[in-house]
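Everything below concerns the one structure shown next.
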Amino acid sequence: MSPTKTKLLIIGSGPAGYTAAVYASRAMLSPILFQGIQPGGQLTITTEVENWPGEKEILGPDLMKNMEDHARNLGCEIISEHVSKVNLTERPFFVETDSGRQYLTESVILATGAQANWLGLDNEEKYKGFGVSACATCDGFFYKDKIVVVIGGGNMAVEEAIFLTKFASKVYLIHRRDELRAEKILQKRLFENQKIEIIWNKQVKDVLGEDNPLGVTGIQIKDTLSNELSEINCSGVFVAIGHSPASALIKDQLKTFDSGYVSTLPGTTKTSIPGVFAAGDLVDNVYRQAVTSAAMGCMAALDAEKYLSEINNGN
Ligand SMILES: Cc1cc2nc3c(=O)[nH]c(=O)nc-3n(C[C@H](O)[C@H](O)[C@H](O)COP(=O)(O)OP(=O)(O)OC[C@H]3O[C@@H](n4cnc5c(N)ncnc54)[C@H](O)[C@@H]3O)c2cc1C
């Protein structure tokens, strides 16, 4: 079967992808969106979201279902498949899905997001959204006057630990070495904060909790020098060991940073290839929020609309 020809493909179904779909559909670009293996993106693995403007409290999966319905109602074609191959070196761009569907498209919006790096502990998955988090900005508010631990030793871990002291009664920073990788200025702020205690040379072995109601009660740690096991009581566990952008699909085709995040022209969603736009956590290693991703999805659709009208007027 010959490839389907289209003006705009959107890869990814998180806030960035669905917002791009809403704007592109309203601009009559007839976009096709691929959901990938996590329809709805990262917010589908969390519980309450309390910082989406206009919703005092909404479950992450419900918010994403609303976005999907919105895009669908406006006429966006939504395909629940993973894109396995893109070729951005020739025009029109070539895209192929896992099932072998092929497309030739004039423009692409990449919104494949990122994933937090996790420790791979036995109970980590079980308590995700119920005490285990990778986002202090998102979940810190739920730990007012509670004890939390942050795991990591880089800038992200130190920033999250300091941020969490706004809410928590006590913050333990657990690090497996005897020095931090974070910038010295951040370390100074960390050491000066009375609410933070650093636990050096400890590796987290598992998350401890209870089933009814599902929630975290502590962590088990191992001393990296003596191998001695011990426990820390806490209600929240923040894993802060970095994020990995889902950029494997376009690796070596687009300009990216060493960390894998896609590079865009400042103030736009334009990538190093005209007609290819990128939005959301795939380009953002700073804010990493639903609302900022959605905003970039909007920008990407507007950038794509402008690009398409320019190339089509030129023909
Ligand atoms: C547990 C948790 C709780 C959070 N809580 C909040 C919160 O309360 N408030 C907040 O603002 N933010 C929160 N965040 C952050 C927020 O979820 C992200 O910033 C946001 O989802 C990023 O949106 P995105 O559209 O860039 O990508 P993502 O949500 O990461 O979605 C990426 C999409 O791309 C798809 N995809 C990837 N590769 C392919 C491919 N090859 N083919 C097709 N599709 C592909 C995936 O299936 C997925 O649909 C939370 C994150 C986590 C993990």
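If you're wondering about the labels, chains in the structure tokens are A, B, ... by order shown, residues count from 1 in each chain, ligands from 1 in order shown.
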Query - Which of stretch 46-293 of chain A fall in strand (DSSP E), as a ChimeraX atom specification - result: /A:48-49,58-59,77-79,83-87,93-97,102-110,114-116,132-133,147-151,170-174,196-199,202-211,214-223,229-233,236-239,243-245,276-278
If we count only C-alpha atoms and set the cut-off at 9 Å, which residues sit around A:Ala20, ignoring sequence neighbours fewer than 2 positions away in its own chain? Please answer as a tab-separated table (two decimals) with N, CA and C atoms, in the first residue's frame.
```
chain	number	residue	atom	x	y	z
A	10	ILE	N	1.44	14.60	14.20
A	10	ILE	CA	1.83	14.93	15.58
A	10	ILE	C	2.20	13.63	16.26
A	15	PRO	N	0.19	16.41	27.07
A	15	PRO	CA	-0.38	17.76	26.95
A	15	PRO	C	0.13	18.52	25.72
A	16	ALA	N	1.39	18.32	25.35
A	16	ALA	CA	1.94	19.03	24.18
A	16	ALA	C	1.27	18.53	22.90
A	17	GLY	N	1.21	17.22	22.73
A	17	GLY	CA	0.63	16.64	21.51
A	17	GLY	C	-0.84	16.98	21.35
A	18	TYR	N	-1.62	16.81	22.43
A	18	TYR	CA	-3.06	17.07	22.31
A	18	TYR	C	-3.35	18.56	22.10
A	22	VAL	N	-5.38	20.24	19.04
A	22	VAL	CA	-6.53	21.15	19.15
A	22	VAL	C	-6.32	22.36	18.23
A	23	TYR	N	-5.15	22.98	18.35
A	23	TYR	CA	-4.88	24.18	17.54
A	23	TYR	C	-4.79	23.86	16.05
A	24	ALA	N	-4.14	22.75	15.72
A	24	ALA	CA	-3.96	22.40	14.29
A	24	ALA	C	-5.30	22.02	13.67
A	25	SER	N	-6.16	21.37	14.45
A	25	SER	CA	-7.48	20.99	13.91
A	25	SER	C	-8.30	22.24	13.64
A	71	ALA	N	-9.52	17.08	21.31
A	71	ALA	CA	-8.84	16.99	20.01
A	71	ALA	C	-9.69	16.18	19.01
A	109	ILE	N	5.14	17.56	14.15
A	109	ILE	CA	5.34	18.09	15.50
A	109	ILE	C	5.77	16.92	16.38
A	111	ALA	N	6.33	15.49	19.91
A	111	ALA	CA	5.88	15.77	21.29
A	111	ALA	C	5.98	14.47	22.09
A	279	ALA	N	7.99	20.12	20.90
A	279	ALA	CA	7.30	20.78	22.01
A	279	ALA	C	7.28	19.89	23.24
A	294	ALA	N	1.78	22.07	27.29
A	294	ALA	CA	0.61	22.44	26.48
A	294	ALA	C	0.87	23.75	25.74
A	295	ALA	N	1.49	24.69	26.44
A	295	ALA	CA	1.78	25.98	25.81
A	295	ALA	C	2.69	25.80	24.60
A	296	MET	N	3.69	24.92	24.75
A	296	MET	CA	4.59	24.68	23.61
A	296	MET	C	3.87	23.93	22.49
A	297	GLY	N	2.91	23.09	22.86
A	297	GLY	CA	2.11	22.40	21.83
A	297	GLY	C	1.34	23.41	21.00
A	298	CYS	N	0.79	24.41	21.68
A	298	CYS	CA	0.08	25.49	20.98
A	298	CYS	C	1.04	26.22	20.03
A	299	MET	N	2.22	26.56	20.57
A	299	MET	CA	3.21	27.27	19.73
A	299	MET	C	3.60	26.44	18.51
A	300	ALA	N	3.75	25.13	18.71
A	300	ALA	CA	4.17	24.26	17.61
A	300	ALA	C	3.12	24.24	16.50
A	301	ALA	N	1.84	24.18	16.91
A	301	ALA	CA	0.78	24.17	15.89
A	301	ALA	C	0.77	25.49	15.12
A	302	LEU	N	0.95	26.61	15.86
A	302	LEU	CA	0.96	27.91	15.18
A	302	LEU	C	2.18	28.04	14.27
```
Report task. For ligand 1, list the contacting residues at 6 Å or closer, counting only C-alpha atoms and all ligand atoms, as a ChimeraX atom specification. Result -> /A:11-17,34-43,45-46,49-51,82-84,111-114,129,133,138,246,280-282,288-291,293
Report task. Tell me, as a PyMOL selection string, which residues lie within 7 Å of A:Ser244, counting only C-alpha atoms; anything in the same chain fewer than 5 positions away does not count. Result -> chain A and resi 114-117
Requested in this report: Using only C-alpha atoms, pick whichever of A:Leu229, A:Ile162, A:Val171, A:Val276 has the shortest atom-to-atom distance to A:Thr137.
Outcome: A:Ile162
If you count only C-alpha atoms, which residues fall within 8 Å of A:Pro92, apart from same-chain ones fewer than 3 positions away, as a short mmCIF file (atom, residue, chain, number, x, y, z; two decimals) with N, CA and C atoms, in the first residue's frame?
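Contents of around.cif, as written:
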```cif
data_model
loop_
_atom_site.label_atom_id
_atom_site.label_comp_id
_atom_site.auth_asym_id
_atom_site.auth_seq_id
_atom_site.Cartn_x
_atom_site.Cartn_y
_atom_site.Cartn_z
N LEU A 104 3.62 10.11 4.35
CA LEU A 104 4.49 11.16 3.82
C LEU A 104 3.85 12.47 4.26
N THR A 105 4.61 13.28 4.97
CA THR A 105 4.01 14.48 5.55
C THR A 105 4.84 15.72 5.27
N GLU A 106 4.13 16.86 5.13
CA GLU A 106 4.85 18.12 4.87
C GLU A 106 5.47 18.69 6.14
N SER A 107 4.88 18.36 7.28
CA SER A 107 5.43 18.88 8.55
C SER A 107 5.17 17.89 9.68
#
```
Requested in this report: Within 10 Å of A:Pro274, counting only C-alpha atoms, which residues show up once you throw out same-chain ones fewer than 2 positions away? Write them as a list in words, please.
Outcome: Leu88, Ser107, Val108, Lys270, Thr271, Ser272, Val276, Phe277, Ala304 and Tyr307 of chain A
Report task. Rounded to one decimal place, report the atom CA of A:Leu265-atom CA of A:Leu249 distance in Å. Result ->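 Separating atom CA of A:Leu265 from atom CA of A:Leu249 is a distance of 19.9 Å.
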Please report as a Markdown table every residue of stretch 96-187 of chain A lying within 12 Å of stretch 204-207 of chain A, along with the nearest atom pair and their distance in Å (one decimal), using only C-alpha atoms.
```
| residue | atom | partner | partner_atom | distance |
| --- | --- | --- | --- | --- |
| A:Trp118 | CA | A:Val204 | CA | 11.6 |
| A:Leu119 | CA | A:Val204 | CA | 8.5 |
| A:Gly120 | CA | A:Asp206 | CA | 9.1 |
| A:Leu121 | CA | A:Asp206 | CA | 5.5 |
| A:Asp122 | CA | A:Asp206 | CA | 6.4 |
| A:Asn123 | CA | A:Val207 | CA | 5.5 |
| A:Glu124 | CA | A:Val207 | CA | 6.2 |
| A:Glu125 | CA | A:Val207 | CA | 9.6 |
| A:Lys126 | CA | A:Val207 | CA | 9.2 |
| A:Tyr127 | CA | A:Val207 | CA | 8.0 |
| A:Lys128 | CA | A:Val207 | CA | 10.3 |
| A:Phe130 | CA | A:Val207 | CA | 11.3 |
| A:Gly131 | CA | A:Val207 | CA | 9.4 |
| A:Val132 | CA | A:Val207 | CA | 8.4 |
| A:Ser133 | CA | A:Val207 | CA | 11.7 |
| A:Val149 | CA | A:Val204 | CA | 10.5 |
| A:Val150 | CA | A:Val204 | CA | 10.5 |
| A:Ile151 | CA | A:Val204 | CA | 8.0 |
| A:Gly152 | CA | A:Val204 | CA | 10.1 |
| A:Leu173 | CA | A:Val204 | CA | 11.2 |
| A:Ile174 | CA | A:Val204 | CA | 7.8 |
| A:His175 | CA | A:Val204 | CA | 8.8 |
| A:Arg176 | CA | A:Val204 | CA | 8.3 |
```
Using only N, CA and C atoms, please write the residues we just selected to a file, as a tab-separated table (two decimals), in the first residue's frame.
```tsv
chain	number	residue	atom	x	y	z
A	118	TRP	N	14.13	6.26	37.12
A	118	TRP	CA	13.73	5.66	38.39
A	118	TRP	C	14.84	4.75	38.88
A	119	LEU	N	14.73	4.32	40.12
A	119	LEU	CA	15.79	3.50	40.71
A	119	LEU	C	15.64	2.02	40.37
A	120	GLY	N	14.42	1.62	40.01
A	120	GLY	CA	14.19	0.20	39.70
A	120	GLY	C	13.99	-0.65	40.95
A	121	LEU	N	13.50	-0.04	42.03
A	121	LEU	CA	13.28	-0.79	43.28
A	121	LEU	C	11.99	-1.61	43.18
A	122	ASP	N	11.94	-2.68	43.95
A	122	ASP	CA	10.77	-3.57	43.90
A	122	ASP	C	9.45	-2.82	44.10
A	123	ASN	N	9.41	-1.96	45.13
A	123	ASN	CA	8.14	-1.31	45.50
A	123	ASN	C	7.93	0.06	44.89
A	124	GLU	N	8.89	0.51	44.09
A	124	GLU	CA	8.82	1.87	43.53
A	124	GLU	C	7.56	2.04	42.67
A	125	GLU	N	7.33	1.08	41.80
A	125	GLU	CA	6.19	1.13	40.89
A	125	GLU	C	4.86	1.12	41.67
A	126	LYS	N	4.82	0.24	42.67
A	126	LYS	CA	3.59	0.08	43.46
A	126	LYS	C	3.14	1.39	44.11
A	127	TYR	N	4.11	2.18	44.59
A	127	TYR	CA	3.74	3.39	45.33
A	127	TYR	C	3.84	4.67	44.50
A	128	LYS	N	4.10	4.54	43.19
A	128	LYS	CA	4.12	5.75	42.35
A	128	LYS	C	2.75	6.41	42.41
A	130	PHE	N	1.41	7.39	45.05
A	130	PHE	CA	0.91	7.15	46.41
A	130	PHE	C	2.05	7.32	47.42
A	131	GLY	N	2.92	8.28	47.14
A	131	GLY	CA	4.04	8.54	48.04
A	131	GLY	C	5.36	8.58	47.30
A	132	VAL	N	5.42	7.92	46.16
A	132	VAL	CA	6.66	7.97	45.35
A	132	VAL	C	6.42	8.92	44.18
A	133	SER	N	7.32	9.88	44.02
A	133	SER	CA	7.16	10.90	42.97
A	133	SER	C	8.51	11.23	42.36
A	149	VAL	N	11.80	12.13	51.84
A	149	VAL	CA	13.20	11.93	51.45
A	149	VAL	C	13.35	12.28	49.98
A	150	VAL	N	14.53	12.80	49.64
A	150	VAL	CA	14.87	13.06	48.24
A	150	VAL	C	16.09	12.20	47.95
A	151	ILE	N	16.09	11.54	46.80
A	151	ILE	CA	17.20	10.66	46.46
A	151	ILE	C	17.96	11.24	45.27
A	152	GLY	N	19.26	11.44	45.44
A	152	GLY	CA	20.08	11.98	44.36
A	152	GLY	C	21.16	12.89	44.91
A	173	LEU	N	18.01	14.19	52.50
A	173	LEU	CA	18.58	13.99	51.16
A	173	LEU	C	19.49	12.77	51.24
A	174	ILE	N	19.16	11.76	50.48
A	174	ILE	CA	19.93	10.51	50.53
A	174	ILE	C	20.89	10.47	49.35
A	175	HIS	N	22.17	10.30	49.64
A	175	HIS	CA	23.15	10.26	48.54
A	175	HIS	C	24.11	9.10	48.77
A	176	ARG	N	24.44	8.44	47.66
A	176	ARG	CA	25.24	7.21	47.82
A	176	ARG	C	26.74	7.49	47.95
```
Could you pull the residues within 10 Å of A:Leu190, counting only C-alpha atoms, minus those fewer than 3 positions along the same chain, as a PDB file with C-alpha atoms, in the first residue's frame?
```pdb
ATOM      1  CA  VAL A 158      19.334  19.632  45.769  1.00  0.00           C
ATOM      2  CA  GLU A 159      16.770  21.992  44.227  1.00  0.00           C
ATOM      3  CA  ALA A 161      15.100  19.132  48.582  1.00  0.00           C
ATOM      4  CA  ILE A 162      15.208  22.901  49.143  1.00  0.00           C
ATOM      5  CA  LEU A 173      18.583  13.994  51.161  1.00  0.00           C
ATOM      6  CA  LYS A 184      28.490  24.845  45.001  1.00  0.00           C
ATOM      7  CA  ILE A 185      25.999  27.719  45.368  1.00  0.00           C
ATOM      8  CA  LEU A 186      23.159  25.206  45.615  1.00  0.00           C
ATOM      9  CA  GLN A 187      25.123  23.101  48.087  1.00  0.00           C
ATOM     10  CA  ASN A 193      18.707  24.917  55.460  1.00  0.00           C
ATOM     11  CA  GLN A 194      17.772  23.759  58.968  1.00  0.00           C
ATOM     12  CA  LYS A 195      15.009  21.456  57.740  1.00  0.00           C
ATOM     13  CA  ILE A 196      17.358  19.355  55.587  1.00  0.00           C
ATOM     14  CA  GLU A 197      19.530  16.505  56.811  1.00  0.00           C
ATOM     15  CA  ILE A 198      21.920  14.859  54.372  1.00  0.00           C
TER      16      ILE A 198
END
```
Report task. Measuring atom to atom with only C-alpha atoms, identify which of A:Gly54, A:Ile221, A:Ala168, A:Gly275 is nearest to A:Ile311. Result ->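 Ranking A:Gly54, A:Ile221, A:Ala168, A:Gly275 by distance to A:Ile311, first place goes to A:Gly275.
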